[in-house]
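Printed here is structure_29.tsv (TSV, C-alpha atoms):
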```
chain	number	residue	atom	x	y	z
W	158	MET	CA	122.21	48.10	56.91
W	159	GLU	CA	121.46	51.71	56.02
W	160	ASP	CA	118.58	53.53	57.66
W	161	THR	CA	116.03	54.73	55.18
W	162	LEU	CA	113.41	57.38	55.77
W	163	HIS	CA	109.89	56.25	54.93
W	164	PRO	CA	108.33	58.61	52.41
W	165	ASN	CA	105.26	59.11	54.65
W	166	THR	CA	107.35	60.01	57.73
W	167	THR	CA	107.30	63.71	58.63
W	168	LYS	CA	110.54	65.11	60.05
W	169	GLU	CA	110.25	67.50	63.02
W	170	ILE	CA	111.14	70.95	61.81
W	171	LYS	CA	112.53	73.26	64.49
W	172	PRO	CA	112.01	77.03	64.35
W	173	PRO	CA	114.97	79.19	63.32
W	174	VAL	CA	117.48	79.97	66.06
W	175	ILE	CA	116.80	83.68	65.71
W	176	ASN	CA	113.16	83.13	66.76
W	177	ILE	CA	113.69	81.16	69.98
W	178	GLY	CA	115.68	81.48	73.21
W	179	ILE	CA	117.47	84.66	74.22
W	180	ILE	CA	118.02	85.77	70.65
W	181	GLY	CA	114.33	85.38	69.88
W	182	TRP	CA	113.34	87.31	73.02
W	183	ILE	CA	115.74	90.16	72.19
W	184	ARG	CA	114.48	90.34	68.65
W	185	ALA	CA	110.81	90.28	69.67
W	186	ASN	CA	111.07	92.76	72.57
W	187	LEU	CA	114.00	95.07	71.85
W	188	PHE	CA	114.34	95.24	68.07
W	189	ASN	CA	110.76	94.73	66.93
W	190	GLY	CA	110.39	97.58	64.46
W	191	TRP	CA	112.37	100.74	63.88
W	192	PHE	CA	110.86	102.65	66.83
W	193	ASN	CA	111.67	99.93	69.39
W	194	THR	CA	115.14	99.60	67.89
W	195	LEU	CA	115.70	103.36	68.26
W	196	LEU	CA	114.50	103.30	71.90
W	197	THR	CA	116.74	100.33	72.67
W	198	LEU	CA	119.80	102.05	71.22
W	199	VAL	CA	119.08	105.32	73.06
W	200	PHE	CA	118.53	103.49	76.35
W	201	ALA	CA	121.72	101.45	75.84
W	202	TYR	CA	123.66	104.68	75.23
W	203	VAL	CA	122.25	106.24	78.42
W	204	LEU	CA	123.26	103.14	80.38
W	205	PHE	CA	126.73	103.33	78.86
W	206	LEU	CA	127.07	106.91	80.09
W	207	THR	CA	125.70	106.35	83.60
W	208	VAL	CA	126.39	102.77	84.75
W	209	PRO	CA	130.23	102.70	84.53
W	210	PRO	CA	130.66	105.97	86.48
W	211	PHE	CA	128.19	104.78	89.10
W	212	ILE	CA	130.01	101.45	89.53
W	213	ASN	CA	133.29	103.31	89.77
W	214	TRP	CA	131.83	105.62	92.46
W	215	ALA	CA	129.84	103.03	94.41
W	216	LEU	CA	132.21	100.05	94.35
W	217	ILE	CA	135.68	100.63	92.95
W	218	ASN	CA	136.65	103.89	94.68
W	219	SER	CA	134.33	103.49	97.65
W	220	SER	CA	135.25	103.43	101.32
W	221	TRP	CA	133.56	101.00	103.70
W	222	PHE	CA	135.31	101.02	107.08
W	223	THR	CA	137.18	104.31	107.25
W	224	THR	CA	136.86	107.68	108.95
W	225	SER	CA	135.13	110.64	107.33
W	226	GLU	CA	138.51	112.27	106.63
W	227	GLU	CA	139.71	109.20	104.73
W	228	CYS	CA	136.46	109.15	102.77
W	229	LYS	CA	137.15	112.60	101.39
W	230	ALA	CA	140.48	111.45	100.02
W	231	SER	CA	139.07	108.39	98.24
W	232	GLY	CA	136.82	110.32	95.88
W	233	GLY	CA	134.20	107.55	95.83
W	234	ALA	CA	131.17	106.61	97.84
W	235	CYS	CA	131.58	106.79	101.60
W	236	TRP	CA	129.68	103.74	102.82
W	237	SER	CA	131.45	104.24	106.13
W	238	VAL	CA	128.60	106.59	107.10
W	239	VAL	CA	126.43	103.46	107.17
W	240	THR	CA	128.85	100.94	108.65
W	241	THR	CA	129.98	103.32	111.39
W	242	ASN	CA	126.48	104.40	112.40
W	243	ILE	CA	124.58	101.21	111.54
W	244	ARG	CA	123.47	100.49	115.09
W	245	PHE	CA	122.01	103.95	115.64
W	246	MET	CA	120.35	103.99	112.21
W	247	LEU	CA	118.71	100.62	112.85
W	248	PHE	CA	117.86	100.92	116.56
W	249	GLY	CA	117.88	104.65	117.39
W	250	PHE	CA	118.24	105.52	121.08
W	251	TYR	CA	117.52	101.99	122.28
W	252	PRO	CA	120.15	101.19	124.97
W	253	HIS	CA	123.33	100.04	123.27
W	254	ALA	CA	123.86	97.00	125.46
W	255	LEU	CA	120.26	95.82	124.91
W	256	GLN	CA	120.07	96.17	121.13
W	257	TRP	CA	120.14	92.40	120.74
W	258	ARG	CA	116.51	92.45	121.86
W	259	PRO	CA	115.07	94.51	118.97
W	260	LEU	CA	117.34	92.56	116.62
W	261	LEU	CA	115.88	89.29	117.86
W	262	ALA	CA	112.37	90.75	117.54
W	263	ILE	CA	113.05	91.60	113.89
W	264	VAL	CA	114.37	88.08	113.24
W	265	ILE	CA	111.21	86.57	114.77
W	266	LEU	CA	108.99	88.83	112.65
W	267	ILE	CA	110.85	87.98	109.43
W	268	ALA	CA	110.70	84.25	110.25
W	269	LEU	CA	106.93	84.45	110.79
W	270	LEU	CA	106.43	86.34	107.53
W	271	ILE	CA	108.49	83.85	105.54
W	272	TYR	CA	106.75	80.87	107.13
W	273	SER	CA	103.34	82.42	106.44
W	274	ARG	CA	104.06	82.73	102.70
W	275	ASN	CA	103.09	79.08	102.21
W	276	ARG	CA	99.30	78.72	102.12
W	277	ASN	CA	99.66	75.12	103.35
W	278	HIS	CA	100.69	76.59	106.72
W	279	TRP	CA	97.47	78.59	107.08
W	280	ARG	CA	96.08	76.61	110.00
W	281	LYS	CA	95.19	77.32	113.61
W	282	SER	CA	98.78	76.52	114.58
W	283	LEU	CA	99.93	79.50	112.49
W	284	ALA	CA	97.58	81.81	114.41
W	285	TYR	CA	99.01	80.50	117.68
W	286	ALA	CA	102.55	80.99	116.32
W	287	TRP	CA	101.75	84.63	115.44
W	288	ALA	CA	100.19	85.23	118.86
W	289	ILE	CA	103.23	83.81	120.64
W	290	GLY	CA	105.60	85.63	118.28
W	291	LEU	CA	103.91	89.00	118.72
W	292	PHE	CA	103.87	88.61	122.50
W	293	THR	CA	107.57	87.68	122.45
W	294	MET	CA	108.42	90.68	120.25
W	295	GLY	CA	106.52	93.05	122.54
W	296	LEU	CA	108.23	91.54	125.57
W	297	LEU	CA	111.66	91.91	123.98
W	298	LEU	CA	111.07	95.56	123.08
W	299	LYS	CA	109.36	96.64	126.28
W	300	GLY	CA	110.92	94.29	128.85
W	301	GLY	CA	109.88	94.38	132.47
W	302	LEU	CA	109.24	90.62	132.79
W	303	PHE	CA	111.39	87.51	133.13
W	304	GLY	CA	114.37	89.58	134.26
W	305	LEU	CA	114.41	91.78	131.13
W	306	GLU	CA	115.20	95.42	131.84
W	307	SER	CA	112.30	97.74	131.04
W	308	VAL	CA	112.84	100.16	128.13
W	309	GLU	CA	110.52	103.14	127.64
W	310	SER	CA	108.80	103.36	124.24
W	311	THR	CA	110.27	106.85	123.80
W	312	LYS	CA	113.61	105.11	123.18
W	313	TRP	CA	112.24	102.83	120.49
W	314	GLY	CA	113.34	103.81	117.02
W	315	GLY	CA	114.91	102.86	113.75
W	316	LEU	CA	113.92	99.76	111.83
W	317	PRO	CA	111.94	98.07	114.67
W	318	LEU	CA	109.67	101.12	114.95
W	319	THR	CA	109.18	101.25	111.16
W	320	LEU	CA	108.24	97.55	111.05
W	321	LEU	CA	106.05	97.93	114.12
W	322	LEU	CA	104.03	100.78	112.59
W	323	SER	CA	103.77	99.12	109.18
W	324	VAL	CA	103.08	95.49	110.08
W	325	PHE	CA	100.57	96.21	112.85
W	326	GLY	CA	99.06	99.09	110.90
W	327	LEU	CA	98.52	97.14	107.69
W	328	THR	CA	97.32	94.04	109.55
W	329	ALA	CA	94.70	96.00	111.46
W	330	ALA	CA	93.69	98.28	108.57
W	331	TYR	CA	92.64	95.46	106.23
W	332	PRO	CA	89.82	93.96	108.36
W	333	VAL	CA	88.67	97.46	109.33
W	334	GLY	CA	88.53	98.35	105.64
W	335	ILE	CA	86.46	95.24	104.91
W	336	ILE	CA	83.98	96.18	107.64
W	337	LEU	CA	83.72	99.73	106.26
W	338	ALA	CA	83.13	98.40	102.74
W	339	LEU	CA	80.36	96.11	103.96
W	340	GLY	CA	78.89	98.97	105.98
W	341	ARG	CA	78.87	101.26	102.95
W	342	GLN	CA	76.79	98.68	101.07
W	343	SER	CA	74.50	98.09	104.03
W	344	LYS	CA	70.77	98.76	103.77
W	345	MET	CA	70.74	100.29	107.25
W	346	PRO	CA	70.78	104.10	106.75
W	347	ILE	CA	72.70	104.96	109.93
W	348	VAL	CA	75.44	102.39	109.31
W	349	LYS	CA	75.74	103.31	105.63
W	350	SER	CA	75.83	107.05	106.34
W	351	PHE	CA	78.50	106.65	109.01
W	352	CYS	CA	80.71	104.56	106.70
W	353	VAL	CA	80.26	106.95	103.76
W	354	ILE	CA	81.10	110.01	105.87
W	355	TYR	CA	84.12	108.29	107.44
W	356	ILE	CA	85.54	107.05	104.13
W	357	GLU	CA	85.06	110.31	102.26
W	358	LEU	CA	86.34	112.41	105.15
W	359	ILE	CA	89.50	110.38	105.70
W	360	ARG	CA	90.23	110.06	101.97
W	361	GLY	CA	89.81	113.82	101.63
W	362	VAL	CA	92.72	114.72	103.92
W	363	PRO	CA	96.42	113.79	103.73
W	364	LEU	CA	98.03	111.41	106.20
W	365	ILE	CA	100.19	114.24	107.52
W	366	SER	CA	97.11	116.04	108.85
W	367	LEU	CA	95.96	112.92	110.72
W	368	LEU	CA	99.42	112.48	112.22
W	369	PHE	CA	99.46	116.11	113.37
W	370	MET	CA	95.99	115.75	114.88
W	371	SER	CA	97.00	112.58	116.74
W	372	SER	CA	100.18	114.23	118.00
W	373	VAL	CA	99.05	117.81	118.73
W	374	VAL	CA	95.26	118.15	118.70
W	375	PHE	CA	94.09	114.88	120.25
W	376	PRO	CA	96.03	115.32	123.56
W	377	LEU	CA	94.16	118.62	124.12
W	378	PHE	CA	90.89	116.70	124.59
W	379	LEU	CA	92.30	114.31	127.19
W	380	PRO	CA	91.71	114.87	130.91
W	381	GLU	CA	94.46	116.71	132.73
W	382	GLY	CA	97.33	114.41	133.63
W	383	MET	CA	96.27	111.70	131.17
W	384	THR	CA	98.58	110.83	128.28
W	385	ILE	CA	98.54	108.25	125.51
W	386	ASN	CA	101.70	106.82	124.02
W	387	PRO	CA	102.68	108.82	120.89
W	388	ILE	CA	103.54	105.61	119.02
W	389	LEU	CA	100.04	104.30	119.70
W	390	ARG	CA	98.49	107.57	118.50
W	391	ALA	CA	100.50	107.44	115.27
W	392	GLN	CA	99.56	103.77	114.83
W	393	VAL	CA	95.85	104.56	115.10
W	394	ALA	CA	96.18	107.41	112.58
W	395	ILE	CA	97.88	105.09	110.07
W	396	ILE	CA	95.21	102.42	110.57
W	397	MET	CA	92.37	104.94	110.09
W	398	PHE	CA	93.94	106.36	106.93
W	399	THR	CA	94.77	103.03	105.28
W	400	ALA	CA	91.42	101.44	106.17
W	401	ALA	CA	89.50	104.13	104.27
W	402	TYR	CA	91.38	103.34	101.04
W	403	ILE	CA	91.12	99.59	101.56
W	404	ALA	CA	87.35	100.00	102.02
W	405	GLU	CA	86.92	101.51	98.56
W	406	VAL	CA	89.02	98.78	96.95
W	407	VAL	CA	87.04	96.03	98.69
W	408	ARG	CA	83.77	97.73	97.72
W	409	GLY	CA	84.87	97.53	94.10
W	410	GLY	CA	85.49	93.82	94.56
W	411	LEU	CA	82.06	93.32	96.09
W	412	GLN	CA	80.48	95.05	93.13
W	413	GLY	CA	82.51	92.86	90.78
W	414	VAL	CA	80.98	89.65	92.14
W	415	ASP	CA	78.14	88.41	89.95
W	416	LYS	CA	74.67	88.94	91.41
W	417	GLY	CA	73.99	85.26	90.84
W	418	GLN	CA	76.40	84.49	93.66
W	419	TYR	CA	74.26	86.50	96.08
W	420	GLU	CA	71.13	84.72	94.86
W	421	ALA	CA	72.83	81.33	95.14
W	422	ALA	CA	73.76	82.08	98.75
W	423	GLN	CA	70.17	83.00	99.55
W	424	SER	CA	68.85	79.87	97.85
W	425	LEU	CA	71.10	77.78	100.10
W	426	GLY	CA	69.47	79.36	103.14
W	427	LEU	CA	72.60	81.21	104.26
W	428	ASN	CA	72.17	84.38	106.26
W	429	TYR	CA	74.05	87.61	105.54
W	430	PHE	CA	77.13	86.81	107.59
W	431	GLN	CA	77.40	83.24	106.31
W	432	SER	CA	77.04	84.25	102.68
W	433	MET	CA	79.63	87.00	103.03
W	434	ARG	CA	82.13	84.82	104.86
W	435	ARG	CA	81.75	81.69	102.74
W	436	ILE	CA	80.81	82.88	99.25
W	437	ILE	CA	81.01	86.63	98.52
W	438	LEU	CA	84.10	87.88	100.36
W	439	PRO	CA	86.45	85.07	99.21
W	440	GLN	CA	85.64	85.95	95.59
W	441	ALA	CA	85.73	89.71	96.12
W	442	LEU	CA	89.05	89.70	97.98
W	443	LYS	CA	90.62	87.53	95.30
W	444	ILE	CA	89.57	90.04	92.65
W	445	VAL	CA	91.14	93.00	94.46
W	446	ILE	CA	94.51	91.46	95.38
W	447	PRO	CA	96.54	93.73	93.01
W	448	PRO	CA	94.99	97.08	94.05
W	449	SER	CA	94.95	96.05	97.71
W	450	VAL	CA	98.67	95.29	97.67
W	451	SER	CA	99.32	98.56	95.85
W	452	ILE	CA	97.60	100.47	98.67
W	453	LEU	CA	99.41	98.46	101.34
W	454	ILE	CA	102.78	99.18	99.71
W	455	SER	CA	101.96	102.89	99.58
W	456	ALA	CA	100.88	102.77	103.23
W	457	PHE	CA	104.13	101.03	104.18
W	458	LYS	CA	106.15	103.80	102.57
W	459	ASP	CA	103.91	106.46	104.14
W	460	THR	CA	104.91	105.28	107.61
W	461	SER	CA	108.08	107.31	107.07
W	462	LEU	CA	105.90	110.43	107.53
W	463	VAL	CA	105.95	109.87	111.30
W	464	VAL	CA	109.28	111.66	111.13
W	465	ILE	CA	107.35	114.96	111.17
W	466	ILE	CA	105.92	114.21	114.63
W	467	ALA	CA	109.37	113.45	116.07
W	468	LEU	CA	109.14	109.65	116.08
W	469	TYR	CA	112.56	108.18	115.43
W	470	ASP	CA	111.77	105.69	112.70
W	471	LEU	CA	114.39	104.52	110.21
W	472	LEU	CA	114.27	107.75	108.23
W	473	LYS	CA	114.52	109.96	111.32
W	474	THR	CA	117.52	108.09	112.74
W	475	THR	CA	119.22	108.44	109.34
W	476	GLN	CA	118.54	112.17	109.28
W	477	THR	CA	119.89	112.49	112.81
W	478	THR	CA	123.07	110.69	111.78
W	479	LEU	CA	123.59	113.15	108.95
W	480	THR	CA	123.41	116.11	111.37
W	481	ASP	CA	126.81	115.06	112.68
W	482	PRO	CA	129.33	117.45	111.05
W	483	LYS	CA	131.60	114.50	110.24
W	484	TRP	CA	128.97	112.85	108.02
W	485	MET	CA	126.97	115.82	106.68
W	486	GLY	CA	128.35	115.47	103.16
W	487	TYR	CA	127.38	111.83	102.67
W	488	SER	CA	123.60	111.91	102.58
W	489	SER	CA	123.48	110.09	99.22
W	490	GLU	CA	125.04	106.95	100.65
W	491	ALA	CA	122.84	106.99	103.76
W	492	TYR	CA	119.61	107.47	101.82
W	493	ILE	CA	120.57	104.79	99.30
W	494	PHE	CA	120.90	102.39	102.22
W	495	VAL	CA	117.45	103.38	103.54
W	496	ALA	CA	115.97	103.12	100.04
W	497	LEU	CA	117.30	99.57	99.68
W	498	ILE	CA	115.58	98.53	102.92
W	499	TYR	CA	112.27	99.98	101.74
W	500	PHE	CA	112.72	98.38	98.32
W	501	VAL	CA	113.34	94.92	99.78
W	502	CYS	CA	110.22	95.16	101.96
W	503	CYS	CA	108.03	96.44	99.10
W	504	PHE	CA	109.41	93.85	96.68
W	505	PHE	CA	108.60	91.11	99.20
W	506	MET	CA	104.99	92.31	99.39
W	507	SER	CA	104.63	92.66	95.63
W	508	ASN	CA	106.21	89.29	94.90
W	509	TYR	CA	104.00	87.55	97.44
W	510	SER	CA	100.87	89.16	96.00
W	511	ARG	CA	101.71	87.81	92.53
W	512	LYS	CA	102.33	84.37	94.01
W	513	LEU	CA	99.05	84.43	95.93
W	514	GLU	CA	97.11	85.69	92.91
W	515	LYS	CA	98.51	82.87	90.78
W	516	GLU	CA	97.65	80.24	93.40
W	517	LEU	CA	94.08	81.51	93.71
W	518	ASP	CA	93.52	81.80	89.97
W	519	THR	CA	90.72	79.41	89.01
W	520	SER	CA	90.46	80.44	85.38
W	521	LEU	CA	93.11	77.95	84.23
```

Now that the file is in, can you turn its structure into structure tokens?
Amino acid sequence: MEDTLHPNTTKEIKPPVINIGIIGWIRANLFNGWFNTLLTLVFAYVLFLTVPPFINWALINSSWFTTSEECKASGGACWSVVTTNIRFMLFGFYPHALQWRPLLAIVILIALLIYSRNRNHWRKSLAYAWAIGLFTMGLLLKGGLFGLESVESTKWGGLPLTLLLSVFGLTAAYPVGIILALGRQSKMPIVKSFCVIYIELIRGVPLISLLFMSSVVFPLFLPEGMTINPILRAQVAIIMFTAAYIAEVVRGGLQGVDKGQYEAAQSLGLNYFQSMRRIILPQALKIVIPPSVSILISAFKDTSLVVIIALYDLLKTTQTTLTDPKWMGYSSEAYIFVALIYFVCCFFMSNYSRKLEKELDTSL
């Protein structure tokens, strides 16, 4: 019995193949008009000229586990400058036999960050986990308890120091910035004036000047014989600098909240602190997620400036490695390695901010 199509039945008509899938995306984004087509062709030609030679230099003719003399003969990238000096670049002058301790501290920190990505884990148990994790990391780096050999902070360096300055600095700067933003909008003249002066003063000077003041000027005001750890001084300077920028971003978010929300909080009988904590700040902080993360990423990269006050962070240990006459000609490979580490960290922050912004979006 042959199937017959009822005259009133409408067949499903699919769009042309050239308008959907990969072909449709290429046509809509790369060859949409003569100008886009020209840019696509020019960019493709530039890639054709640059990508093959780079692959040939970085992968095909590269050397990974050789001496510096053998690197010169290969004609390609000398990744041996990284593999040979990886422990010093990552851990600086930390005692060689004890470098498993900062490595374990980094693993703990990464595990906590990954676990904290899920908002379903944001409970009191997570706060306890961070408290225990931070105490364990400090114990591993410093030692002195439970049979662990004590290591002076002057020997801390490399990646652990970079993560220490960035994670603790950004974590502390955000709540300080929120307090400054609230203080700038306060109706109390003294509080408002102090916050305005602080924010404008800090934002008017570069981070380098604050680092120099914490390293050179600040010790001059201390009593004779009293010293403060240089890492702590640099950490405070980073927190002060980042908090001022965060304050302005949060203030913009507070101004973006509809005035009706403030009136609704007052009508419910909530006081200032209750209305800010339960109604205003949650909305304001959600609004400013993108600019806040942008500032935090910039602050993370700015931690490399501690190199100018002789702190051996990741960049400083890399520079020290390149002072060795054997590896002086291979700075490109070493800095590419450092750039990849910074890129991975910044990409993690940016990707998480997009994820968090999507989860908190209530407009759908």

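Nearest residue to Ala456 of chain W among W:Ala401, W:Ala230, W:Leu206, W:Leu425 is W:Ala401, counting only C-alpha atoms.
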
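Near segment 266-283 of chain W, within a cut-off of 8 Å and counting all atoms listed in the file, sit the residues W:Gly290, W:Leu291, W:Met294, W:Tyr509, with same-chain residues fewer than 6 positions away left out.
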
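Using all atoms listed in the file, the residues found no farther than 7 Å from segment 245-250 of chain W, other than those of its own chain fewer than 2 positions away, are Asn242, Ile243, Pro252, Gln256, Lys312, Trp313, Gly314, Gly315, Leu316, Pro317, Tyr469, Leu471, Thr474 and Thr475 of chain W.
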
Can I get the selected residues back with C-alpha atoms, as a PDB file, keeping the file's coordinate frame?
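Below you can see again34.pdb, which holds the result:
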```pdb
ATOM      1  CA  ASN W 242     126.480 104.400 112.400  1.00  0.00           C
ATOM      2  CA  ILE W 243     124.580 101.210 111.540  1.00  0.00           C
ATOM      3  CA  PRO W 252     120.150 101.190 124.970  1.00  0.00           C
ATOM      4  CA  GLN W 256     120.070  96.170 121.130  1.00  0.00           C
ATOM      5  CA  LYS W 312     113.610 105.110 123.180  1.00  0.00           C
ATOM      6  CA  TRP W 313     112.240 102.830 120.490  1.00  0.00           C
ATOM      7  CA  GLY W 314     113.340 103.810 117.020  1.00  0.00           C
ATOM      8  CA  GLY W 315     114.910 102.860 113.750  1.00  0.00           C
ATOM      9  CA  LEU W 316     113.920  99.760 111.830  1.00  0.00           C
ATOM     10  CA  PRO W 317     111.940  98.070 114.670  1.00  0.00           C
ATOM     11  CA  TYR W 469     112.560 108.180 115.430  1.00  0.00           C
ATOM     12  CA  LEU W 471     114.390 104.520 110.210  1.00  0.00           C
ATOM     13  CA  THR W 474     117.520 108.090 112.740  1.00  0.00           C
ATOM     14  CA  THR W 475     119.220 108.440 109.340  1.00  0.00           C
TER      15      THR W 475
END
```

Mind working out the centre and edge lengths of an axis-aligned box for segment 255-259 of chain W, all listed atoms inside, 6 Å added to each side, rounded to one decimal in Å and written as JSON?
```
{"center_x": 117.7, "center_y": 94.3, "center_z": 121.9, "size_x": 17.2, "size_y": 15.8, "size_z": 17.9}
```

Legend entry - Neighbour residues at most 12 Å from (97.3, 115.8, 106.7) (all atoms listed in the file) as number ranges by chain: W: 358-372, 394-395, 398, 459, 462-463, 465-466

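Rounded to one decimal, atom CA of Glu516 of chain W and atom CA of Arg408 of chain W lie 22.7 Å from each other.
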
Inset, instruction - Around the point (125.4, 109.6, 111.6), in the coordinates given by the file, pick out the residues reaching within 12 Å, counting all atoms listed in the file, and return them as a ChimeraX atom specification. - result: /W:224-225,236-247,249,472-488,490-492
